[in-house]
>>> print(open('coords14.cif').read())   # mmCIF, C-alpha atoms
data_final
#
loop_
_atom_site.group_PDB
_atom_site.id
_atom_site.type_symbol
_atom_site.label_atom_id
_atom_site.label_comp_id
_atom_site.auth_asym_id
_atom_site.auth_seq_id
_atom_site.Cartn_x
_atom_site.Cartn_y
_atom_site.Cartn_z
ATOM 1 C CA ALA B 1 -0.307 24.609 -16.361
ATOM 2 C CA LEU B 2 -0.498 22.822 -13.027
ATOM 3 C CA LEU B 3 -1.024 19.450 -14.700
ATOM 4 C CA ASN B 4 1.936 20.102 -16.965
ATOM 5 C CA LEU B 5 4.048 20.852 -13.910
ATOM 6 C CA LEU B 6 2.893 17.687 -12.166
ATOM 7 C CA ALA B 7 3.751 15.640 -15.248
ATOM 8 C CA HIS B 8 7.441 16.270 -14.600
ATOM 9 C CA ARG B 9 7.834 13.637 -11.894
ATOM 10 C CA LYS B 10 11.567 13.954 -11.433
ATOM 11 C CA ALA B 11 11.484 17.707 -11.071
ATOM 12 C CA THR B 12 8.709 17.457 -8.517
ATOM 13 C CA ALA B 13 10.519 14.719 -6.608
ATOM 14 C CA GLN B 14 13.733 16.781 -6.552
ATOM 15 C CA LEU B 15 11.769 19.697 -5.129
ATOM 16 C CA VAL B 16 10.396 17.444 -2.371
ATOM 17 C CA THR B 17 13.729 15.929 -1.395
ATOM 18 C CA SER B 18 15.512 19.306 -1.485
ATOM 19 C CA LEU B 19 13.158 20.978 0.979
ATOM 20 C CA PRO B 20 15.129 21.943 4.105
ATOM 21 C CA ARG B 21 14.161 20.331 7.385
ATOM 22 C CA ARG B 22 13.199 23.695 8.810
ATOM 23 C CA VAL B 23 10.220 23.785 6.451
ATOM 24 C CA THR B 24 7.098 22.922 8.383
ATOM 25 C CA MET B 25 5.845 19.342 8.175
ATOM 26 C CA PRO B 26 2.470 20.312 6.667
ATOM 27 C CA LEU B 27 4.290 21.986 3.779
ATOM 28 C CA ARG B 28 6.489 18.923 3.233
ATOM 29 C CA ARG B 29 3.449 16.658 3.295
ATOM 30 C CA THR B 30 1.675 18.794 0.709
ATOM 31 C CA ALA B 31 4.728 18.634 -1.551
ATOM 32 C CA VAL B 32 4.898 14.858 -1.261
ATOM 33 C CA PHE B 33 1.214 14.498 -2.085
ATOM 34 C CA LEU B 34 1.634 16.739 -5.135
ATOM 35 C CA ALA B 35 4.459 14.502 -6.291
ATOM 36 C CA ALA B 36 2.308 11.433 -5.755
ATOM 37 C CA ALA B 37 -0.409 12.978 -7.897
ATOM 38 C CA ALA B 38 2.096 13.235 -10.749
ATOM 39 C CA CYS B 39 2.560 9.471 -10.610
ATOM 40 C CA VAL B 40 -1.126 8.687 -10.941
ATOM 41 C CA ALA B 41 -2.269 11.614 -13.085
ATOM 42 C CA ALA B 42 -2.564 9.363 -16.124
ATOM 43 C CA SER B 43 -5.006 7.018 -14.408
ATOM 44 C CA PRO B 44 -8.609 8.314 -14.275
ATOM 45 C CA SER B 45 -9.537 5.736 -11.649
ATOM 46 C CA ALA B 46 -6.663 6.854 -9.424
ATOM 47 C CA LEU B 47 -7.917 10.429 -9.597
ATOM 48 C CA GLY B 48 -11.316 9.325 -8.321
ATOM 49 C CA VAL B 49 -13.355 10.554 -11.284
ATOM 50 C CA ARG B 50 -15.836 7.686 -11.036
ATOM 51 C CA LEU B 51 -18.332 6.195 -8.643
ATOM 52 C CA PRO B 52 -17.310 3.707 -5.933
ATOM 53 C CA THR B 53 -16.810 0.141 -7.161
ATOM 54 C CA THR B 54 -17.026 -3.333 -5.694
ATOM 55 C CA PRO B 55 -14.035 -5.664 -5.448
ATOM 56 C CA ARG B 56 -12.930 -7.502 -8.587
ATOM 57 C CA ILE B 57 -13.187 -11.207 -7.687
ATOM 58 C CA PRO B 58 -11.597 -13.566 -10.242
ATOM 59 C CA HIS B 59 -13.946 -16.110 -11.817
ATOM 60 C CA ASP B 60 -11.618 -17.744 -14.324
ATOM 61 C CA ALA B 61 -7.935 -18.367 -14.975
ATOM 62 C CA ALA B 62 -7.536 -15.146 -16.970
ATOM 63 C CA GLN B 63 -8.674 -13.064 -14.009
ATOM 64 C CA ALA B 64 -6.942 -15.083 -11.294
ATOM 65 C CA ALA B 65 -3.724 -13.047 -11.376
ATOM 66 C CA LYS B 66 -5.487 -9.905 -10.172
ATOM 67 C CA CYS B 67 -7.903 -9.595 -7.315
ATOM 68 C CA GLY B 68 -9.026 -6.918 -4.921
ATOM 69 C CA PRO B 69 -10.164 -3.398 -5.820
ATOM 70 C CA ASP B 70 -10.300 -2.279 -9.434
ATOM 71 C CA THR B 71 -7.348 0.125 -9.661
ATOM 72 C CA GLY B 72 -7.424 0.695 -13.403
ATOM 73 C CA SER B 73 -3.895 0.921 -14.807
ATOM 74 C CA LEU B 74 -2.264 0.974 -11.364
ATOM 75 C CA GLU B 75 -0.420 -2.354 -10.952
ATOM 76 C CA THR B 76 -1.139 -4.367 -7.815
ATOM 77 C CA PRO B 77 0.413 -7.631 -6.579
ATOM 78 C CA ALA B 78 -0.755 -10.805 -8.288
ATOM 79 C CA CYS B 79 -3.092 -12.763 -6.038
ATOM 80 C CA GLU B 80 -5.982 -15.177 -6.104
ATOM 81 C CA VAL B 81 -9.147 -15.393 -4.015
ATOM 82 C CA VAL B 82 -9.112 -18.956 -2.644
ATOM 83 C CA SER B 83 -12.146 -18.789 -0.348
ATOM 84 C CA THR B 84 -14.707 -16.428 1.109
ATOM 85 C CA PHE B 85 -16.311 -16.172 4.531
ATOM 86 C CA ASP B 86 -18.926 -14.005 6.176
ATOM 87 C CA GLY B 87 -17.242 -10.605 6.353
ATOM 88 C CA GLY B 88 -14.323 -11.122 3.978
ATOM 89 C CA GLU B 89 -12.250 -13.315 1.716
ATOM 90 C CA VAL B 90 -8.944 -15.195 1.812
ATOM 91 C CA ARG B 91 -6.347 -14.427 -0.858
ATOM 92 C CA SER B 92 -3.211 -16.290 -1.804
ATOM 93 C CA TYR B 93 -0.099 -14.200 -2.535
ATOM 94 C CA GLY B 94 2.788 -16.096 -4.104
ATOM 95 C CA ALA B 95 6.505 -15.884 -3.410
ATOM 96 C CA GLY B 96 8.654 -13.511 -5.457
ATOM 97 C CA LEU B 97 6.681 -10.304 -4.885
ATOM 98 C CA LEU B 98 9.048 -7.428 -4.110
ATOM 99 C CA TRP B 99 8.369 -4.525 -1.751
ATOM 100 C CA ALA B 100 10.364 -1.332 -1.134
ATOM 101 C CA THR B 101 10.179 -0.990 2.619
ATOM 102 C CA THR B 102 11.101 1.350 5.456
ATOM 103 C CA ARG B 103 10.558 1.375 9.218
ATOM 104 C CA VAL B 104 9.256 4.405 11.077
ATOM 105 C CA GLU B 105 9.204 5.025 14.825
ATOM 106 C CA GLY B 106 6.308 7.090 16.135
ATOM 107 C CA SER B 107 2.596 7.426 15.522
ATOM 108 C CA TYR B 108 0.467 6.168 12.628
ATOM 109 C CA SER B 109 0.542 9.705 11.241
ATOM 110 C CA ASP B 110 4.352 9.718 11.369
ATOM 111 C CA ALA B 111 4.440 6.388 9.555
ATOM 112 C CA SER B 112 1.971 7.396 6.865
ATOM 113 C CA TYR B 113 3.818 10.605 5.990
ATOM 114 C CA GLN B 114 7.484 9.809 6.638
ATOM 115 C CA GLY B 115 7.185 6.291 5.247
ATOM 116 C CA PHE B 116 5.403 7.497 2.127
ATOM 117 C CA GLU B 117 8.008 10.213 1.596
ATOM 118 C CA ARG B 118 10.918 7.746 1.773
ATOM 119 C CA CYS B 119 9.249 5.190 -0.486
ATOM 120 C CA PHE B 120 8.287 7.860 -2.993
ATOM 121 C CA ALA B 121 11.841 9.178 -3.067
ATOM 122 C CA TYR B 122 13.011 5.617 -3.851
ATOM 123 C CA ILE B 123 10.732 5.257 -6.896
ATOM 124 C CA SER B 124 11.652 8.789 -7.995
ATOM 125 C CA GLY B 125 15.350 7.977 -8.402
ATOM 126 C CA THR B 126 16.884 7.567 -4.946
ATOM 127 C CA ASN B 127 18.281 4.183 -5.954
ATOM 128 C CA ASP B 128 21.507 2.767 -7.385
ATOM 129 C CA GLN B 129 20.217 2.984 -10.963
ATOM 130 C CA ASN B 130 18.781 6.512 -10.668
ATOM 131 C CA ALA B 131 15.668 4.872 -12.071
ATOM 132 C CA THR B 132 12.172 6.295 -12.053
ATOM 133 C CA ILE B 133 9.775 3.486 -11.127
ATOM 134 C CA GLU B 134 6.036 3.416 -11.747
ATOM 135 C CA MET B 135 3.661 4.074 -8.865
ATOM 136 C CA THR B 136 1.774 0.943 -7.808
ATOM 137 C CA GLY B 137 -0.723 -0.100 -5.163
ATOM 138 C CA PRO B 138 -1.314 -0.675 -2.404
ATOM 139 C CA VAL B 139 0.761 1.342 0.019
ATOM 140 C CA ARG B 140 1.132 -1.021 2.987
ATOM 141 C CA ILE B 141 1.304 0.290 6.549
ATOM 142 C CA GLN B 142 1.951 -2.423 9.135
ATOM 143 C CA PRO B 143 2.087 -2.043 12.927
ATOM 144 C CA LEU B 144 5.078 -4.029 14.213
ATOM 145 C CA ASP B 145 4.304 -4.021 17.925
ATOM 146 C CA GLU B 146 1.278 -4.033 20.196
ATOM 147 C CA THR B 147 1.816 -0.402 21.193
ATOM 148 C CA SER B 148 1.744 0.772 17.563
ATOM 149 C CA SER B 149 4.957 2.724 18.039
ATOM 150 C CA THR B 150 6.939 1.004 15.250
ATOM 151 C CA TRP B 151 5.639 0.682 11.709
ATOM 152 C CA LYS B 152 6.668 -0.771 8.380
ATOM 153 C CA VAL B 153 5.650 1.192 5.264
ATOM 154 C CA SER B 154 6.029 -0.367 1.825
ATOM 155 C CA PHE B 155 5.461 0.266 -1.874
ATOM 156 C CA PHE B 156 4.886 -2.731 -4.151
ATOM 157 C CA VAL B 157 7.683 -3.018 -6.744
ATOM 158 C CA PRO B 158 6.368 -3.518 -10.314
ATOM 159 C CA SER B 159 6.416 -7.146 -11.444
ATOM 160 C CA LYS B 160 8.757 -6.396 -14.360
ATOM 161 C CA PHE B 161 11.596 -6.386 -11.812
ATOM 162 C CA THR B 162 13.194 -9.474 -10.308
ATOM 163 C CA ALA B 163 15.408 -9.822 -7.245
ATOM 164 C CA GLY B 164 18.384 -9.551 -9.610
ATOM 165 C CA THR B 165 17.244 -6.489 -11.563
ATOM 166 C CA VAL B 166 15.375 -4.365 -9.029
ATOM 167 C CA PRO B 167 17.057 -0.993 -8.284
ATOM 168 C CA GLN B 168 18.489 -1.015 -4.779
ATOM 169 C CA PRO B 169 17.714 1.905 -2.444
ATOM 170 C CA THR B 170 20.555 4.288 -1.650
ATOM 171 C CA ASP B 171 18.702 5.603 1.403
ATOM 172 C CA PRO B 172 19.963 3.443 4.305
ATOM 173 C CA THR B 173 16.493 3.513 5.902
ATOM 174 C CA MET B 174 15.040 1.686 2.868
ATOM 175 C CA ALA B 175 15.312 -1.978 1.874
ATOM 176 C CA ILE B 176 13.910 -4.383 -0.717
ATOM 177 C CA GLU B 177 11.991 -7.302 0.773
ATOM 178 C CA ALA B 178 10.664 -10.475 -0.852
ATOM 179 C CA PRO B 179 8.196 -12.082 1.586
ATOM 180 C CA ALA B 180 7.396 -15.785 1.448
ATOM 181 C CA SER B 181 4.081 -16.863 -0.051
ATOM 182 C CA SER B 182 1.155 -16.222 2.270
ATOM 183 C CA TYR B 183 -2.581 -16.361 2.794
ATOM 184 C CA LYS B 184 -4.312 -13.166 3.860
ATOM 185 C CA ALA B 185 -7.805 -12.703 5.221
ATOM 186 C CA VAL B 186 -9.108 -9.423 3.813
ATOM 187 C CA TYR B 187 -11.753 -6.971 5.004
ATOM 188 C CA GLY B 188 -12.846 -4.380 2.455
ATOM 189 C CA PRO B 189 -12.520 -2.470 0.293
ATOM 190 C CA PHE B 190 -13.996 0.533 2.067
ATOM 191 C CA GLY B 191 -13.927 4.227 1.278
ATOM 192 C CA GLY B 192 -13.316 7.469 3.095
ATOM 193 C CA PHE B 193 -10.104 8.710 4.689
ATOM 194 C CA PRO B 194 -9.525 6.264 7.557
ATOM 195 C CA GLY B 195 -7.153 7.048 10.400
ATOM 196 C CA GLN B 196 -5.530 4.678 12.857
ATOM 197 C CA SER B 197 -8.661 4.249 15.008
ATOM 198 C CA ASP B 198 -10.745 3.464 11.906
ATOM 199 C CA TYR B 199 -8.307 0.805 10.732
ATOM 200 C CA GLU B 200 -8.143 -0.696 14.222
ATOM 201 C CA ALA B 201 -11.936 -0.897 14.394
ATOM 202 C CA ASP B 202 -12.036 -2.665 11.024
ATOM 203 C CA LEU B 203 -9.237 -4.987 12.150
ATOM 204 C CA LYS B 204 -11.376 -6.057 15.124
ATOM 205 C CA LYS B 205 -14.254 -6.807 12.735
ATOM 206 C CA LEU B 206 -11.924 -8.899 10.572
ATOM 207 C CA GLN B 207 -10.489 -10.770 13.557
ATOM 208 C CA ALA B 208 -13.999 -11.578 14.795
ATOM 209 C CA SER B 209 -15.085 -12.798 11.340
ATOM 210 C CA VAL B 210 -11.942 -14.937 10.959
ATOM 211 C CA ALA B 211 -12.523 -16.521 14.384
ATOM 212 C CA ALA B 212 -16.193 -17.182 13.611
ATOM 213 C CA ALA B 213 -15.220 -18.864 10.328
ATOM 214 C CA GLY B 214 -12.755 -21.139 12.133
ATOM 215 C CA ILE B 215 -9.778 -19.841 10.148
ATOM 216 C CA LYS B 216 -6.431 -20.314 11.878
ATOM 217 C CA LEU B 217 -4.051 -17.380 12.123
ATOM 218 C CA ALA B 218 -0.548 -17.649 10.679
ATOM 219 C CA ASN B 219 2.330 -17.857 13.131
ATOM 220 C CA ASP B 220 3.475 -14.292 12.382
ATOM 221 C CA LYS B 221 -0.087 -12.860 12.449
ATOM 222 C CA ASP B 222 1.001 -9.897 10.311
ATOM 223 C CA ILE B 223 -1.483 -7.011 10.171
ATOM 224 C CA THR B 224 -1.611 -4.731 7.125
ATOM 225 C CA TYR B 225 -3.504 -1.528 6.407
ATOM 226 C CA ALA B 226 -3.563 -1.346 2.599
ATOM 227 C CA GLY B 227 -4.353 1.902 0.788
ATOM 228 C CA TYR B 228 -4.846 1.938 -2.982
ATOM 229 C CA SER B 229 -5.964 5.540 -3.577
ATOM 230 C CA SER B 230 -4.200 8.816 -4.223
ATOM 231 C CA PRO B 231 -4.589 11.449 -1.463
ATOM 232 C CA PHE B 232 -6.504 13.517 -4.013
ATOM 233 C CA THR B 233 -9.106 10.803 -4.695
ATOM 234 C CA ILE B 234 -12.480 11.785 -3.241
ATOM 235 C CA LEU B 235 -14.915 9.281 -4.773
ATOM 236 C CA GLY B 236 -14.228 5.600 -5.229
ATOM 237 C CA ARG B 237 -11.492 5.346 -2.595
ATOM 238 C CA HIS B 238 -10.191 1.873 -1.754
ATOM 239 C CA GLN B 239 -8.670 0.701 1.505
ATOM 240 C CA GLU B 240 -8.445 -2.768 3.019
ATOM 241 C CA VAL B 241 -7.280 -4.535 6.185
ATOM 242 C CA TRP B 242 -5.256 -7.743 5.815
ATOM 243 C CA LEU B 243 -4.523 -10.394 8.433
ATOM 244 C CA ASP B 244 -2.111 -13.271 7.742
ATOM 245 C CA VAL B 245 -3.815 -16.653 8.155
ATOM 246 C CA ALA B 246 -2.652 -20.262 7.903
ATOM 247 C CA GLY B 247 -4.840 -21.128 4.923
ATOM 248 C CA PRO B 248 -8.203 -20.697 3.215
ATOM 249 C CA ALA B 249 -11.538 -20.987 4.970
ATOM 250 C CA VAL B 250 -12.664 -24.608 5.243
ATOM 251 C CA GLU B 251 -15.979 -25.305 3.612
ATOM 252 C CA SER B 252 -18.535 -26.900 5.957
ATOM 253 C CA ALA B 253 -19.533 -30.464 5.145
#
>>> encode(input="coords14.cif", output="structure tokens")
Amino acid sequence: ALLNLLAHRKATAQLVTSLPRRVTMPLRRTAVFLAAAACVAASPSALGVRLPTTPRIPHDAAQAAKCGPDTGSLETPACEVVSTFDGGEVRSYGAGLLWATTRVEGSYSDASYQGFERCFAYISGTNDQNATIEMTGPVRIQPLDETSSTWKVSFFVPSKFTAGTVPQPTDPTMAIEAPASSYKAVYGPFGGFPGQSDYEADLKKLQASVAAAGIKLANDKDITYAGYSSPFTILGRHQEVWLDVAGPAVESA
């Protein structure tokens, strides 16, 4: 009966967005996570009913469009591994990828819950087409300042949409962004339920590995904490840390 209830995504999303603000935050968070489970209920890998896996590295042209963790049927942005280095890999992400994005002031916890809630409401129909949009991965959480008091939280928009067809958010705190093409140094995937301090520790590892490999940072030096797993996934969780770099690692002569 519970799974049947979760299958009704719109009804669950309406319940979430109709909760009054006086309801305690833990209750709101639980409701949002239940709604998220409805999005990924059809994907066994998203539910964590398998053992941990290693990253899927493309070895031919057919695989080149998808790299990173194996997420099963959950769509992720097209990318290509262009080089590897001790402690990570460099991926190329092309132009034209769309992200539904919001900014959150406060702590990492505030960003992860409030940002997720807004983005989930967008894919559940809070848009100008009243469209229900498939859940994708990863959920990006990006610190925007050195004090980690401002964050950007984003859902990847499925590739079937273009800049001309994508539903536009009706929530004024949401926007659709189309970043330029970029190279990203990647650490991971790793499991568990990392918090801000865990991600920051892994970021330091990535920064040290990038410096040791002689890879130049991009001008914007964007940092991304990328989470691919449902909150209900226990085994086989996938998280990564991304750092924008100027290009692939240079092979030694």
>>> atom_distance(input="coords14.cif", atom1="atom CA of B:Pro189", atom2="atom CA of B:Ala218")
21.9 Å
>>> atom_distance(input="coords14.cif", atom1="atom CA of B:Tyr199", atom2="atom CA of B:Lys66")
23.7 Å
>>> closest_residue(input="coords14.cif", among="B:Ile215, B:Ala78, B:Leu235, B:Ile141", to="B:Cys119", atoms="all atoms listed in the file")
B:Ile141
>>> residues_around(input="coords14.cif", residues="stretch 121-132 of chain B", least_positions_apart="3", cutoff="6 Å", atoms="all atoms listed in the file", output="short mmCIF file (atom, residue, chain, number, x, y, z; two decimals) with C-alpha atoms, in the frame of the given file")
data_model
loop_
_atom_site.label_atom_id
_atom_site.label_comp_id
_atom_site.auth_asym_id
_atom_site.auth_seq_id
_atom_site.Cartn_x
_atom_site.Cartn_y
_atom_site.Cartn_z
CA ARG B 118 10.92 7.75 1.77
CA PRO B 167 17.06 -0.99 -8.28
CA GLN B 168 18.49 -1.01 -4.78
CA PRO B 169 17.71 1.90 -2.44
CA THR B 170 20.56 4.29 -1.65
#
>>> atom_distance(input="coords14.cif", atom1="atom CA of B:Phe232", atom2="atom CA of B:Gly191")
13.0 Å
>>> residues_around(input="coords14.cif", residues="B:Gly214", least_positions_apart="2", cutoff="12 Å", atoms="all atoms listed in the file", output="ChimeraX atom specification")
/B:85-86,185,207-212,216-217,245-252
>>> resolve_selection(input="coords14.cif", expression="the PyMOL selection byres ((chain B and resi 153) around 6)", output="PyMOL selection string")
chain B and resi 101-102+115+140-141+152+154
>>> write_last_selection(input="coords14.cif", atoms="C-alpha atoms", output="compact mmCIF listing (two decimals), in the coordinates of the input")
# COMPACT_ATOMS: atom_id res chain seq x y z
CA THR B 101 10.18 -0.99 2.62
CA THR B 102 11.10 1.35 5.46
CA GLY B 115 7.18 6.29 5.25
CA ARG B 140 1.13 -1.02 2.99
CA ILE B 141 1.30 0.29 6.55
CA LYS B 152 6.67 -0.77 8.38
CA SER B 154 6.03 -0.37 1.82
>>> closest_residue(input="coords14.cif", among="B:Thr136, B:Ser182, B:Ser107, B:Ser92", to="B:Pro158", atoms="only C-alpha atoms")
B:Thr136
>>> closest_residue(input="coords14.cif", among="B:Arg91, B:Leu98, B:Ser109, B:Leu206", to="B:Ser148", atoms="only C-alpha atoms")
B:Ser109
